[in-house]
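The next block holds one structure in the form of structure tokens; read it before the comments.
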Amino acid sequence: MDKILNQYKNELPLKIIEELKETYGSNIPKKILDEVLEEYKKAAIEPGESVGLVSAESIGEPGTQMTLNTFHFAGVAEMNITLGLPRIIEILDGRSEITTPMMEVYLKKPYNQGKDIRKIASMIKEIKLKEVVAEFLINIVESGIEIKLDKKKMEILSITPAIISKALSKTIKGFSIKEKEDGFALKAKNKEQGLNETYKLKEKLKEVYLRGIKDVSQVLPINRGDEFLIITAGSNLKDIFELEFIDENRTTTNNIVEISSFLGIEAARQAIINEVIRVIESQGLNVDIRHIMLVADTMCNTGYIRGVTRYGVVSEKASVLARASFETPIKHIINASMVGEVDSLNSVIENVMLNQPVPVGTGLPGLRIRIKK
């Protein structure tokens, strides 16, 4: 059987052969292999096909029909998700700072069946000091701050005075911290501490981290199919993967650059494909996945993410005229002329600019004849 498979190894992708093995076991009928090979050859693109232009057109045309607004989960106004054209631009620009970062956190059994789901969600959410404080008071005379705690909120969020005391000691320098019955009192060790510095400290205190996953500002447990998962506003893939009840194989974020730095470029490529398809389908549109795959490959083929911008993919084009056709043409032409750069006119854009046949389709083959002297 291995001898038969070896005959097809160079003609069929390894993934297809592996899938056939899973379906038929080790004894795959030769007839099936021939049929798969025939269909595979039919799906292959003809030599000279202008795949870049077709993909650009196929993604760009539905893109003009996309909405410019955002969608949010009902009842949770803080958890907006950017969709439509703004989200497509975010993905294809390869932005590291996105408008609405979010994660889909999948859980292991038995938690994915709903066990302690709210407790787990509260463990993931980042808790800051301002969420458990009833009031901040500034003592002008002693240049100090009094923190009055909200006992009910502390109980709901499982926050103890010991957790707060430890967080304050770690964050605040130059102040003595004294625990009181209803909260904490902070007094400046430097008697020359001004009112302005005290007010700045009060604002800083609000953001003191107590527990949870940093940057996760909201959590929403939802039921999808036959299991529960948690949607988060904010993203921190590295820290979430350290929790033992998380299903690392399926948990993901919509921040492509974060995926690339933590899981690698192959995962980022797949994330680009998934995110673009999600946006397109949410708008009720349809684009063949192969067009999106081509864009994802172009963005990731150097081992790191490059946006489709003048600083990313366009900046690394070999053709001077192709770079000049995008943005800042004078800059590209002057820089190329200063170093004596040559344009071999191998692509579409530069030939269109010079009004000559483009090297695709029927313009690809050249005719050569030997002339007798």
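Here's how to read the names in the structure tokens: chain A, B, ... by the order shown, residue numbers from 1 in each chain, ligand numbers from 1 in the order shown.
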
For segment 208-213 of chain A, work out the shell of residues within 7 Å, counting only C-alpha atoms and skipping chain neighbours fewer than 4 positions away, then give it as a PDB file with C-alpha atoms, in the first residue's frame.
```
ATOM      1  CA  MET A 123     -11.754  34.776  38.276  1.00  0.00           C
ATOM      2  CA  ILE A 124     -10.855  35.773  34.709  1.00  0.00           C
ATOM      3  CA  LYS A 125     -12.108  39.376  34.930  1.00  0.00           C
ATOM      4  CA  GLU A 126      -9.519  41.953  35.988  1.00  0.00           C
ATOM      5  CA  ILE A 127     -10.531  43.529  39.300  1.00  0.00           C
ATOM      6  CA  LYS A 128      -9.249  47.040  40.075  1.00  0.00           C
ATOM      7  CA  LEU A 129      -9.433  48.896  43.377  1.00  0.00           C
ATOM      8  CA  ILE A 163      -5.539  41.288  49.028  1.00  0.00           C
ATOM      9  CA  ILE A 164      -6.037  45.068  48.945  1.00  0.00           C
ATOM     10  CA  ALA A 167      -1.685  45.346  46.257  1.00  0.00           C
ATOM     11  CA  LYS A 204      -3.566  56.235  40.454  1.00  0.00           C
ATOM     12  CA  ASP A 239      -1.942  34.808  31.029  1.00  0.00           C
ATOM     13  CA  ILE A 240      -5.224  33.052  30.178  1.00  0.00           C
TER      14      ILE A 240
END
```

Find the residues of segment 284-328 of chain A that sit at most 12 Å from segment 263-278 of chain A; for each, write down the nearest two atoms and how far apart they are in Å, to one decimal. Count only C-alpha atoms. Sort by chain, then by number going up, and give it as a Markdown table.
```
| residue | atom | partner | partner_atom | distance |
| --- | --- | --- | --- | --- |
| A:Gly284 | CA | A:Arg278 | CA | 10.1 |
| A:Leu285 | CA | A:Ile277 | CA | 9.4 |
| A:Asn286 | CA | A:Ile277 | CA | 8.5 |
| A:Val287 | CA | A:Ile277 | CA | 7.9 |
| A:Asp288 | CA | A:Ile277 | CA | 9.2 |
| A:Ile289 | CA | A:Ile277 | CA | 7.6 |
| A:Arg290 | CA | A:Ile273 | CA | 9.4 |
| A:His291 | CA | A:Ile273 | CA | 9.6 |
| A:Ile292 | CA | A:Ile273 | CA | 6.0 |
| A:Met293 | CA | A:Ile273 | CA | 6.2 |
| A:Leu294 | CA | A:Ile273 | CA | 9.4 |
| A:Val295 | CA | A:Ile273 | CA | 8.6 |
| A:Ala296 | CA | A:Arg269 | CA | 5.5 |
| A:Asp297 | CA | A:Arg269 | CA | 6.8 |
| A:Thr298 | CA | A:Arg269 | CA | 9.5 |
| A:Met299 | CA | A:Arg269 | CA | 7.9 |
| A:Cys300 | CA | A:Arg269 | CA | 6.3 |
| A:Asn301 | CA | A:Ile265 | CA | 8.7 |
| A:Thr302 | CA | A:Ile265 | CA | 9.2 |
| A:Gly303 | CA | A:Ile265 | CA | 6.0 |
| A:Tyr304 | CA | A:Ile265 | CA | 6.2 |
| A:Ile305 | CA | A:Ile265 | CA | 7.5 |
| A:Arg306 | CA | A:Arg269 | CA | 11.0 |
| A:Gly307 | CA | A:Ile272 | CA | 11.1 |
```

Please write the residues from the selection above to a file, keeping N, CA and C atoms, as a PDB file, in the first residue's frame.
```pdb
ATOM      1  N   GLY A 284     -23.513  38.997   5.658  1.00  0.00           N
ATOM      2  CA  GLY A 284     -24.343  38.301   4.677  1.00  0.00           C
ATOM      3  C   GLY A 284     -23.715  38.240   3.298  1.00  0.00           C
ATOM      4  N   LEU A 285     -22.398  38.372   3.234  1.00  0.00           N
ATOM      5  CA  LEU A 285     -21.693  38.337   1.954  1.00  0.00           C
ATOM      6  C   LEU A 285     -20.957  37.000   1.798  1.00  0.00           C
ATOM      7  N   ASN A 286     -20.405  36.777   0.610  1.00  0.00           N
ATOM      8  CA  ASN A 286     -19.725  35.501   0.349  1.00  0.00           C
ATOM      9  C   ASN A 286     -18.486  35.744  -0.501  1.00  0.00           C
ATOM     10  N   VAL A 287     -17.338  35.292   0.001  1.00  0.00           N
ATOM     11  CA  VAL A 287     -16.075  35.382  -0.742  1.00  0.00           C
ATOM     12  C   VAL A 287     -15.399  34.018  -0.650  1.00  0.00           C
ATOM     13  N   ASP A 288     -14.896  33.511  -1.776  1.00  0.00           N
ATOM     14  CA  ASP A 288     -14.200  32.221  -1.774  1.00  0.00           C
ATOM     15  C   ASP A 288     -12.998  32.287  -0.841  1.00  0.00           C
ATOM     16  N   ILE A 289     -12.842  31.272  -0.020  1.00  0.00           N
ATOM     17  CA  ILE A 289     -11.779  31.257   0.999  1.00  0.00           C
ATOM     18  C   ILE A 289     -10.383  31.345   0.387  1.00  0.00           C
ATOM     19  N   ARG A 290     -10.221  30.889  -0.864  1.00  0.00           N
ATOM     20  CA  ARG A 290      -8.885  30.885  -1.470  1.00  0.00           C
ATOM     21  C   ARG A 290      -8.357  32.301  -1.714  1.00  0.00           C
ATOM     22  N   HIS A 291      -9.263  33.248  -1.956  1.00  0.00           N
ATOM     23  CA  HIS A 291      -8.832  34.646  -2.113  1.00  0.00           C
ATOM     24  C   HIS A 291      -8.271  35.174  -0.795  1.00  0.00           C
ATOM     25  N   ILE A 292      -8.948  34.829   0.296  1.00  0.00           N
ATOM     26  CA  ILE A 292      -8.507  35.281   1.630  1.00  0.00           C
ATOM     27  C   ILE A 292      -7.202  34.590   2.011  1.00  0.00           C
ATOM     28  N   MET A 293      -7.080  33.310   1.643  1.00  0.00           N
ATOM     29  CA  MET A 293      -5.845  32.572   1.925  1.00  0.00           C
ATOM     30  C   MET A 293      -4.642  33.213   1.218  1.00  0.00           C
ATOM     31  N   LEU A 294      -4.849  33.688   0.002  1.00  0.00           N
ATOM     32  CA  LEU A 294      -3.766  34.322  -0.751  1.00  0.00           C
ATOM     33  C   LEU A 294      -3.296  35.595  -0.051  1.00  0.00           C
ATOM     34  N   VAL A 295      -4.254  36.391   0.440  1.00  0.00           N
ATOM     35  CA  VAL A 295      -3.909  37.622   1.169  1.00  0.00           C
ATOM     36  C   VAL A 295      -3.167  37.274   2.464  1.00  0.00           C
ATOM     37  N   ALA A 296      -3.674  36.253   3.193  1.00  0.00           N
ATOM     38  CA  ALA A 296      -3.038  35.833   4.455  1.00  0.00           C
ATOM     39  C   ALA A 296      -1.607  35.345   4.204  1.00  0.00           C
ATOM     40  N   ASP A 297      -1.412  34.582   3.121  1.00  0.00           N
ATOM     41  CA  ASP A 297      -0.063  34.093   2.772  1.00  0.00           C
ATOM     42  C   ASP A 297       0.876  35.262   2.483  1.00  0.00           C
ATOM     43  N   THR A 298       0.375  36.256   1.762  1.00  0.00           N
ATOM     44  CA  THR A 298       1.196  37.425   1.411  1.00  0.00           C
ATOM     45  C   THR A 298       1.602  38.203   2.661  1.00  0.00           C
ATOM     46  N   MET A 299       0.669  38.285   3.630  1.00  0.00           N
ATOM     47  CA  MET A 299       0.950  39.022   4.865  1.00  0.00           C
ATOM     48  C   MET A 299       1.943  38.291   5.777  1.00  0.00           C
ATOM     49  N   CYS A 300       1.999  36.953   5.661  1.00  0.00           N
ATOM     50  CA  CYS A 300       2.768  36.149   6.633  1.00  0.00           C
ATOM     51  C   CYS A 300       3.985  35.438   6.052  1.00  0.00           C
ATOM     52  N   ASN A 301       4.242  35.555   4.743  1.00  0.00           N
ATOM     53  CA  ASN A 301       5.268  34.699   4.131  1.00  0.00           C
ATOM     54  C   ASN A 301       6.700  35.034   4.534  1.00  0.00           C
ATOM     55  N   THR A 302       6.924  36.129   5.250  1.00  0.00           N
ATOM     56  CA  THR A 302       8.288  36.456   5.700  1.00  0.00           C
ATOM     57  C   THR A 302       8.547  35.967   7.124  1.00  0.00           C
ATOM     58  N   GLY A 303       7.515  35.381   7.771  1.00  0.00           N
ATOM     59  CA  GLY A 303       7.698  34.898   9.142  1.00  0.00           C
ATOM     60  C   GLY A 303       7.181  35.856  10.188  1.00  0.00           C
ATOM     61  N   TYR A 304       6.768  37.032   9.753  1.00  0.00           N
ATOM     62  CA  TYR A 304       6.123  37.978  10.668  1.00  0.00           C
ATOM     63  C   TYR A 304       5.011  38.701   9.911  1.00  0.00           C
ATOM     64  N   ILE A 305       4.080  39.314  10.640  1.00  0.00           N
ATOM     65  CA  ILE A 305       2.913  39.915   9.990  1.00  0.00           C
ATOM     66  C   ILE A 305       3.270  41.263   9.372  1.00  0.00           C
ATOM     67  N   ARG A 306       2.953  41.405   8.098  1.00  0.00           N
ATOM     68  CA  ARG A 306       3.101  42.685   7.408  1.00  0.00           C
ATOM     69  C   ARG A 306       1.733  43.128   6.926  1.00  0.00           C
ATOM     70  N   GLY A 307       1.327  44.323   7.281  1.00  0.00           N
ATOM     71  CA  GLY A 307       0.048  44.838   6.832  1.00  0.00           C
ATOM     72  C   GLY A 307       0.093  45.204   5.359  1.00  0.00           C
TER      73      GLY A 307
END
```

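For the pair atom CA of Asp182 of chain A and atom CA of Ile145 of chain A, the separation is 13.4 Å.
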
Subject >> DSSP helix (DSSP H, G or I) selection over segment 210-368 of chain A, as JSON, numbers by chain >> reply: {"A": [237, 238, 239, 240, 256, 257, 258, 259, 260, 261, 262, 263, 265, 266, 267, 268, 269, 270, 271, 272, 273, 274, 275, 276, 277, 278, 279, 280, 281, 282, 289, 290, 291, 292, 293, 294, 295, 296, 297, 298, 299, 300, 314, 315, 316, 320, 321, 322, 323, 324, 329, 330, 331, 332, 333, 334, 335, 336, 337, 338, 348, 349, 350, 351, 352, 353, 361, 362, 363]}

Closest atom pairs, residues of segment 137-253 of chain A within 12 Å of segment 93-110 of chain A, only C-alpha atoms, as JSON lines:
```
{"residue": "A:Ile213", "atom": "CA", "partner": "A:Met103", "partner_atom": "CA", "distance": 11.8}
{"residue": "A:Asp215", "atom": "CA", "partner": "A:Pro101", "partner_atom": "CA", "distance": 9.5}
{"residue": "A:Val216", "atom": "CA", "partner": "A:Met102", "partner_atom": "CA", "distance": 8.3}
{"residue": "A:Ser217", "atom": "CA", "partner": "A:Met102", "partner_atom": "CA", "distance": 9.8}
{"residue": "A:Gln218", "atom": "CA", "partner": "A:Met102", "partner_atom": "CA", "distance": 9.3}
{"residue": "A:Val219", "atom": "CA", "partner": "A:Met103", "partner_atom": "CA", "distance": 9.5}
{"residue": "A:Leu220", "atom": "CA", "partner": "A:Glu104", "partner_atom": "CA", "distance": 9.8}
{"residue": "A:Pro221", "atom": "CA", "partner": "A:Val105", "partner_atom": "CA", "distance": 9.3}
{"residue": "A:Ile222", "atom": "CA", "partner": "A:Glu104", "partner_atom": "CA", "distance": 10.1}
{"residue": "A:Asn223", "atom": "CA", "partner": "A:Tyr106", "partner_atom": "CA", "distance": 10.9}
{"residue": "A:Arg224", "atom": "CA", "partner": "A:Tyr106", "partner_atom": "CA", "distance": 10.5}
{"residue": "A:Glu227", "atom": "CA", "partner": "A:Leu107", "partner_atom": "CA", "distance": 8.8}
{"residue": "A:Phe228", "atom": "CA", "partner": "A:Leu107", "partner_atom": "CA", "distance": 7.6}
{"residue": "A:Leu229", "atom": "CA", "partner": "A:Tyr106", "partner_atom": "CA", "distance": 5.0}
{"residue": "A:Ile230", "atom": "CA", "partner": "A:Val105", "partner_atom": "CA", "distance": 5.0}
{"residue": "A:Ile231", "atom": "CA", "partner": "A:Glu104", "partner_atom": "CA", "distance": 4.8}
{"residue": "A:Thr232", "atom": "CA", "partner": "A:Met103", "partner_atom": "CA", "distance": 5.2}
{"residue": "A:Ala233", "atom": "CA", "partner": "A:Met102", "partner_atom": "CA", "distance": 4.7}
{"residue": "A:Gly234", "atom": "CA", "partner": "A:Met102", "partner_atom": "CA", "distance": 4.8}
{"residue": "A:Ser235", "atom": "CA", "partner": "A:Met102", "partner_atom": "CA", "distance": 5.2}
{"residue": "A:Asn236", "atom": "CA", "partner": "A:Met103", "partner_atom": "CA", "distance": 8.1}
{"residue": "A:Leu237", "atom": "CA", "partner": "A:Met103", "partner_atom": "CA", "distance": 7.9}
{"residue": "A:Lys238", "atom": "CA", "partner": "A:Met103", "partner_atom": "CA", "distance": 11.7}
{"residue": "A:Asp239", "atom": "CA", "partner": "A:Val105", "partner_atom": "CA", "distance": 12.0}
{"residue": "A:Ile240", "atom": "CA", "partner": "A:Val105", "partner_atom": "CA", "distance": 8.3}
{"residue": "A:Phe241", "atom": "CA", "partner": "A:Val105", "partner_atom": "CA", "distance": 9.5}
{"residue": "A:Leu243", "atom": "CA", "partner": "A:Leu107", "partner_atom": "CA", "distance": 10.0}
{"residue": "A:Glu244", "atom": "CA", "partner": "A:Lys108", "partner_atom": "CA", "distance": 8.6}
{"residue": "A:Phe245", "atom": "CA", "partner": "A:Lys108", "partner_atom": "CA", "distance": 5.5}
{"residue": "A:Ile246", "atom": "CA", "partner": "A:Leu107", "partner_atom": "CA", "distance": 4.6}
{"residue": "A:Asp247", "atom": "CA", "partner": "A:Leu107", "partner_atom": "CA", "distance": 4.9}
{"residue": "A:Glu248", "atom": "CA", "partner": "A:Tyr106", "partner_atom": "CA", "distance": 7.7}
{"residue": "A:Asn249", "atom": "CA", "partner": "A:Tyr106", "partner_atom": "CA", "distance": 8.6}
{"residue": "A:Arg250", "atom": "CA", "partner": "A:Tyr106", "partner_atom": "CA", "distance": 6.2}
{"residue": "A:Thr251", "atom": "CA", "partner": "A:Val105", "partner_atom": "CA", "distance": 4.7}
{"residue": "A:Thr252", "atom": "CA", "partner": "A:Glu104", "partner_atom": "CA", "distance": 5.5}
{"residue": "A:Thr253", "atom": "CA", "partner": "A:Met103", "partner_atom": "CA", "distance": 4.2}
```

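Proximity ranking of A:Arg368, A:Lys151, A:Lys180, A:Lys189 relative to Ser165 of chain A places A:Lys180 first, based on only C-alpha atoms.
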
**OP:** List every residue of segment 41-260 of chain A that DSSP, applied to the backbone of this structure, places in strand (DSSP E), and write the result as a VMD selection string.
**Re:** chain A and resid 71 to 72 80 to 81 102 to 106 127 to 128 133 to 139 144 to 149 175 to 179 183 to 188 209 to 211 218 to 224 227 to 233 252 to 253

Original post:
atom CA of Leu85 of chain A to atom CA of Gly60 of chain A: how many Å, to one decimal?
Top reply: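 Between atom CA of Leu85 of chain A and atom CA of Gly60 of chain A the gap is 10.4 Å.
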
Original post:
Which residues come within 8 Å of segment 342-359 of chain A, counting only C-alpha atoms, excluding same-chain residues fewer than 4 positions away, as a VMD selection string?
Top reply: chain A and resid 48 318 to 322 325 336 363 to 365

Near-Lys153 of chain A list (10 Å; only C-alpha atoms; drop same-chain fewer than 2 positions) as a tab-separated table (two decimals) with N, CA and C atoms, in the first residue's frame:
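Generated file (out11.tsv):
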```tsv
chain	number	residue	atom	x	y	z
A	131	GLU	N	-13.35	49.28	41.81
A	131	GLU	CA	-14.56	48.47	41.76
A	131	GLU	C	-15.05	48.05	43.14
A	132	VAL	N	-14.18	48.10	44.16
A	132	VAL	CA	-14.58	47.68	45.51
A	132	VAL	C	-14.52	48.83	46.51
A	133	VAL	N	-14.37	50.05	46.00
A	133	VAL	CA	-14.28	51.22	46.88
A	133	VAL	C	-15.57	52.03	46.81
A	134	ALA	N	-16.09	52.39	47.99
A	134	ALA	CA	-17.30	53.23	48.05
A	134	ALA	C	-16.93	54.70	47.88
A	149	LEU	N	-14.14	51.20	51.87
A	149	LEU	CA	-14.45	50.02	51.05
A	149	LEU	C	-15.93	49.70	51.03
A	150	ASP	N	-16.37	49.10	49.92
A	150	ASP	CA	-17.75	48.63	49.76
A	150	ASP	C	-17.76	47.13	50.09
A	151	LYS	N	-18.21	46.79	51.28
A	151	LYS	CA	-18.16	45.41	51.77
A	151	LYS	C	-18.96	44.44	50.90
A	155	GLU	N	-17.50	41.18	48.83
A	155	GLU	CA	-18.00	39.82	49.05
A	155	GLU	C	-18.36	39.15	47.72
A	156	ILE	N	-19.03	39.92	46.83
A	156	ILE	CA	-19.43	39.39	45.52
A	156	ILE	C	-18.20	39.00	44.69
A	157	LEU	N	-17.17	39.85	44.73
A	157	LEU	CA	-15.97	39.64	43.91
A	157	LEU	C	-14.88	38.84	44.62
A	158	SER	N	-15.18	38.37	45.84
A	158	SER	CA	-14.24	37.55	46.64
A	158	SER	C	-12.92	38.28	46.87
A	159	ILE	N	-13.00	39.55	47.24
A	159	ILE	CA	-11.83	40.36	47.55
A	159	ILE	C	-11.76	40.59	49.06
```

Original post:
Near Asn139 of chain A, counting only C-alpha atoms, which residues have an atom at most 10 Å away, once you skip same-chain residues fewer than 6 positions from it, shown as an MDAnalysis selection string?
Top reply: chainID A and resid 145:146 185:187 195 198

C-alpha atoms of the current selection, written as a PDB file, in the first residue's frame:
```pdb
ATOM      1  CA  ILE A 145      -6.009  59.666  51.442  1.00  0.00           C
ATOM      2  CA  GLU A 146      -8.746  57.643  53.090  1.00  0.00           C
ATOM      3  CA  ALA A 185      -5.696  55.334  55.463  1.00  0.00           C
ATOM      4  CA  LEU A 186      -2.662  56.451  53.457  1.00  0.00           C
ATOM      5  CA  LYS A 187      -0.387  59.118  54.900  1.00  0.00           C
ATOM      6  CA  LEU A 195      -2.167  68.723  47.138  1.00  0.00           C
ATOM      7  CA  THR A 198      -1.982  63.756  46.503  1.00  0.00           C
TER       8      THR A 198
END
```
